[in-house]
Amino acid sequence: MQVTLQNKKQAWLHALRLRTLPLALSSILMGSFLAAYHQAFRWEVLVLAALTTIFLQVLSNLSNDYGDSVHGADSSEREGPVRAVQSGVIQLGEMKKAIILLSILSLISGLLLLYISLQDMKLFLLFLVFGLAAIWAAITYTAGSNPYGYVGLGDISVFVFFGLLGVAGSYFLHHISFDTSILWPAVSLGCFSTAVLNINNIRDIESDKKAGKRSIPVRIGRKKAVSYNWLLIIIGNLSLLGFAWANQAWGSLLALLAFPLMFKVGKAVQTKHSASQLDPFLKKMAISTLLWVILFGTGLIFFT
């Protein structure tokens, strides 16, 4: 194992998995950039949407730590980074309390976001359902009696919540309207976010097999999972071309400057096999995605 957790402070910081936050914030930034392009940007929406997303991502990370320990995916044979509950430094009961706290914080932040964004009660209730679904998805990915991540449905959840709903939802809360062309970058974010999960699952393929976790790489094998990873990266970038053409927003193509970084990640996933070698590329794919979004927004607003 790469890290030995010495105390609770270190274990909690490790459990938060702060390196996942750039990816979580990417969809919010994308929706906000699109709103700014349509002259409907609101700072309060960006701040509260970002805060809610951070709470949800941390909730997901803690639930994943809890769930994988309960179901055996984080056993002593696991080759990836050590987990907080697995290490024994944090007890299951303590992690469960933290999950409840983050669920409450996510709900409060989300309700405040909807309160300042929406005046129509029907829209408020609709987005409340989306928010509750996001909390449910964050918790039940690996936790609970029948976690959907263990039957290979994690990719769909990530594509929907980090891509379609993350981008379109944050855009709508700014603009209070919907434009079908924003689905192009929403698909891009969904693909890139799913690629991060796929890299994680390729890294853990052997330990997941032993734990009965039927992730996509476990189901289709490493070779096809690598091809799937390439497909996600390529489709994500091709969707950008669809957006640029649909809106004549050629400045948004500045995002393609991040493609070489994603290509390096894809190549590394293809050629590296050990968990320790693959692990750094989760962070690199997440940061590449955030850079892609920043370049997209910069090109869209200043060069279109």
# chains A, B, ... in the order shown; residues from 1 in each chain; ligands from 1

call {"tool": "residues_around", "arguments": {"residues": "Arg214 (chain A)", "least_positions_apart": "3", "cutoff": "12 Å", "atoms": "only C-alpha atoms", "output": "list in words"}}
result
Ala73, Thr142, Pro147, Tyr148, Gly149, Tyr150, Val151, Gly152, Leu153, Gly154, Asp155, Asn201, Ile202, Asp204, Ile205, Glu206, Ser207, Asp208, Lys209, Lys210, Ala211, Pro217, Val218, Arg219, Ile220 and Gly221 of chain A

call {"tool": "write_last_selection", "arguments": {"atoms": "C-alpha atoms", "output": "PDB file, in the first residue's frame"}}
result
ATOM      1  CA  ALA A  73     -13.802  -4.642  -2.125  1.00  0.00           C
ATOM      2  CA  THR A 142     -21.269   1.067  -3.092  1.00  0.00           C
ATOM      3  CA  PRO A 147     -25.262  -1.108  -4.373  1.00  0.00           C
ATOM      4  CA  TYR A 148     -25.664  -0.309  -8.057  1.00  0.00           C
ATOM      5  CA  GLY A 149     -21.912   0.107  -8.527  1.00  0.00           C
ATOM      6  CA  TYR A 150     -21.530  -3.617  -7.893  1.00  0.00           C
ATOM      7  CA  VAL A 151     -23.641  -4.513 -10.934  1.00  0.00           C
ATOM      8  CA  GLY A 152     -21.850  -2.181 -13.368  1.00  0.00           C
ATOM      9  CA  LEU A 153     -24.285   0.761 -13.335  1.00  0.00           C
ATOM     10  CA  GLY A 154     -21.830   3.304 -11.963  1.00  0.00           C
ATOM     11  CA  ASP A 155     -20.879   4.501 -15.435  1.00  0.00           C
ATOM     12  CA  ASN A 201     -12.216   0.358 -12.129  1.00  0.00           C
ATOM     13  CA  ILE A 202      -9.423  -0.843 -14.419  1.00  0.00           C
ATOM     14  CA  ASP A 204      -9.130  -2.266  -9.155  1.00  0.00           C
ATOM     15  CA  ILE A 205     -10.176  -4.980 -11.607  1.00  0.00           C
ATOM     16  CA  GLU A 206      -8.559  -7.888  -9.738  1.00  0.00           C
ATOM     17  CA  SER A 207      -9.747  -6.922  -6.243  1.00  0.00           C
ATOM     18  CA  ASP A 208     -13.220  -6.132  -7.592  1.00  0.00           C
ATOM     19  CA  LYS A 209     -13.440  -9.599  -9.136  1.00  0.00           C
ATOM     20  CA  LYS A 210     -12.686 -11.192  -5.779  1.00  0.00           C
ATOM     21  CA  ALA A 211     -15.245  -8.995  -4.016  1.00  0.00           C
ATOM     22  CA  PRO A 217     -13.905  -3.609 -16.725  1.00  0.00           C
ATOM     23  CA  VAL A 218     -14.693  -6.769 -14.728  1.00  0.00           C
ATOM     24  CA  ARG A 219     -17.551  -7.576 -17.102  1.00  0.00           C
ATOM     25  CA  ILE A 220     -15.779  -6.936 -20.413  1.00  0.00           C
ATOM     26  CA  GLY A 221     -12.131  -7.499 -19.494  1.00  0.00           C
TER      27      GLY A 221
END

call {"tool": "residues_around", "arguments": {"residues": "Leu241 (chain A)", "least_positions_apart": "6", "cutoff": "12 Å", "atoms": "only C-alpha atoms", "output": "number ranges by chain"}}
result
A: 181, 184-185, 187-188, 234-235, 247-256, 296

call {"tool": "residues_around", "arguments": {"residues": "Val226 (chain A)", "least_positions_apart": "6", "cutoff": "9 Å", "atoms": "only C-alpha atoms", "output": "list in words"}}
result
Asn198, Ile199, Ile202, Pro217, Gly266, Val269 and Gln270 of chain A

call {"tool": "residues_around", "arguments": {"residues": "Leu107 (chain A)", "least_positions_apart": "2", "cutoff": "9 Å", "atoms": "only C-alpha atoms", "output": "JSON, numbers by chain"}}
result
{"A": [52, 102, 103, 104, 105, 109, 110, 111, 112, 131, 132, 135]}

call {"tool": "atom_distance", "arguments": {"atom1": "CA of Leu114 (chain A)", "atom2": "CA of Phe127 (chain A)"}}
result
7.4 Å

call {"tool": "residues_around", "arguments": {"residues": "Val47 (chain A)", "least_positions_apart": "3", "cutoff": "12 Å", "atoms": "only C-alpha atoms", "output": "PyMOL selection string"}}
result
chain A and resi 25+28-29+32+41-44+50-54+109-110+112-113+116-117+170+173-174

call {"tool": "write_last_selection", "arguments": {"atoms": "N, CA and C atoms", "output": "CSV table (one decimal), in the first residue's frame"}}
result
chain,number,residue,atom,x,y,z
A,25,LEU,N,-16.4,19.7,-9.9
A,25,LEU,CA,-16.7,21.2,-10.1
A,25,LEU,C,-16.7,21.5,-11.6
A,28,ILE,N,-20.2,22.1,-13.1
A,28,ILE,CA,-20.8,23.4,-12.6
A,28,ILE,C,-20.2,24.6,-13.4
A,29,LEU,N,-18.9,24.5,-13.5
A,29,LEU,CA,-18.2,25.5,-14.3
A,29,LEU,C,-18.7,25.6,-15.7
A,32,SER,N,-22.0,27.2,-16.0
A,32,SER,CA,-21.8,28.6,-15.7
A,32,SER,C,-21.2,29.4,-16.9
A,41,PHE,N,-25.4,34.8,-16.5
A,41,PHE,CA,-24.6,34.3,-15.4
A,41,PHE,C,-25.0,35.0,-14.0
A,42,ARG,N,-25.0,34.2,-13.0
A,42,ARG,CA,-25.3,34.7,-11.6
A,42,ARG,C,-24.3,34.1,-10.6
A,43,TRP,N,-23.6,35.0,-10.0
A,43,TRP,CA,-22.5,34.5,-9.0
A,43,TRP,C,-23.1,33.7,-7.9
A,44,GLU,N,-24.2,34.0,-7.4
A,44,GLU,CA,-24.8,33.3,-6.3
A,44,GLU,C,-25.1,31.8,-6.7
A,50,ALA,N,-21.6,25.1,-6.7
A,50,ALA,CA,-20.3,24.5,-6.4
A,50,ALA,C,-20.2,23.9,-5.0
A,51,LEU,N,-20.7,24.7,-4.0
A,51,LEU,CA,-20.7,24.2,-2.7
A,51,LEU,C,-21.5,22.9,-2.5
A,52,THR,N,-22.7,22.8,-3.2
A,52,THR,CA,-23.6,21.6,-3.1
A,52,THR,C,-22.8,20.5,-3.8
A,53,THR,N,-22.2,20.7,-4.9
A,53,THR,CA,-21.5,19.7,-5.6
A,53,THR,C,-20.3,19.1,-4.8
A,54,ILE,N,-19.6,20.0,-4.1
A,54,ILE,CA,-18.5,19.6,-3.2
A,54,ILE,C,-19.0,18.7,-2.1
A,109,SER,N,-27.6,22.9,1.5
A,109,SER,CA,-27.0,23.7,0.4
A,109,SER,C,-27.8,23.7,-0.8
A,110,GLY,N,-28.3,22.5,-1.2
A,110,GLY,CA,-29.2,22.4,-2.4
A,110,GLY,C,-30.5,23.1,-2.3
A,112,LEU,N,-31.0,25.8,-0.5
A,112,LEU,CA,-30.7,27.2,-0.6
A,112,LEU,C,-30.5,27.6,-2.0
A,113,LEU,N,-29.8,26.8,-2.8
A,113,LEU,CA,-29.5,27.0,-4.2
A,113,LEU,C,-30.9,27.1,-4.9
A,116,ILE,N,-32.9,30.4,-4.1
A,116,ILE,CA,-32.4,31.7,-4.7
A,116,ILE,C,-32.5,31.7,-6.2
A,117,SER,N,-32.7,30.5,-6.8
A,117,SER,CA,-32.7,30.3,-8.2
A,117,SER,C,-34.1,30.3,-8.8
A,170,SER,N,-27.1,23.1,-13.9
A,170,SER,CA,-26.5,24.4,-13.5
A,170,SER,C,-26.8,25.5,-14.5
A,173,LEU,N,-30.4,26.8,-13.9
A,173,LEU,CA,-30.5,27.6,-12.6
A,173,LEU,C,-30.0,29.0,-12.8
A,174,HIS,N,-29.1,29.2,-13.7
A,174,HIS,CA,-28.6,30.5,-14.1
A,174,HIS,C,-29.6,31.2,-15.0

call {"tool": "closest_residue", "arguments": {"among": "A:Ala195, A:Ala275, A:Leu126, A:Leu240", "to": "Ser227 (chain A)", "atoms": "only C-alpha atoms"}}
result
A:Ala195

call {"tool": "residues_around", "arguments": {"residues": "Thr140 (chain A)", "least_positions_apart": "3", "cutoff": "9 Å", "atoms": "only C-alpha atoms", "output": "number ranges by chain"}}
result
A: 60, 63-64, 67, 135-137, 143-149

call {"tool": "write_last_selection", "arguments": {"atoms": "C-alpha atoms", "output": "PDB file, in the first residue's frame"}}
result
ATOM      1  CA  SER A  60     -19.912   9.938  -2.447  1.00  0.00           C
ATOM      2  CA  SER A  63     -19.954   6.336   1.147  1.00  0.00           C
ATOM      3  CA  ASN A  64     -17.600   4.569  -1.242  1.00  0.00           C
ATOM      4  CA  GLY A  67     -19.526   0.562   1.232  1.00  0.00           C
ATOM      5  CA  ILE A 135     -27.869  12.297  -2.742  1.00  0.00           C
ATOM      6  CA  TRP A 136     -29.302   8.792  -3.159  1.00  0.00           C
ATOM      7  CA  ALA A 137     -26.876   8.052  -6.017  1.00  0.00           C
ATOM      8  CA  ALA A 143     -23.231   1.341   0.179  1.00  0.00           C
ATOM      9  CA  GLY A 144     -26.496  -0.328   1.124  1.00  0.00           C
ATOM     10  CA  SER A 145     -27.810  -3.846   0.626  1.00  0.00           C
ATOM     11  CA  ASN A 146     -27.859  -3.660  -3.180  1.00  0.00           C
ATOM     12  CA  PRO A 147     -25.262  -1.108  -4.373  1.00  0.00           C
ATOM     13  CA  TYR A 148     -25.664  -0.309  -8.057  1.00  0.00           C
ATOM     14  CA  GLY A 149     -21.912   0.107  -8.527  1.00  0.00           C
TER      15      GLY A 149
END

call {"tool": "atom_distance", "arguments": {"atom1": "CA of Leu62 (chain A)", "atom2": "CA of Lys9 (chain A)"}}
result
14.4 Å

call {"tool": "closest_residue", "arguments": {"among": "A:Ser193, A:Ser274, A:Ser69, A:Asn200", "to": "Gly163 (chain A)", "atoms": "only C-alpha atoms"}}
result
A:Ser193
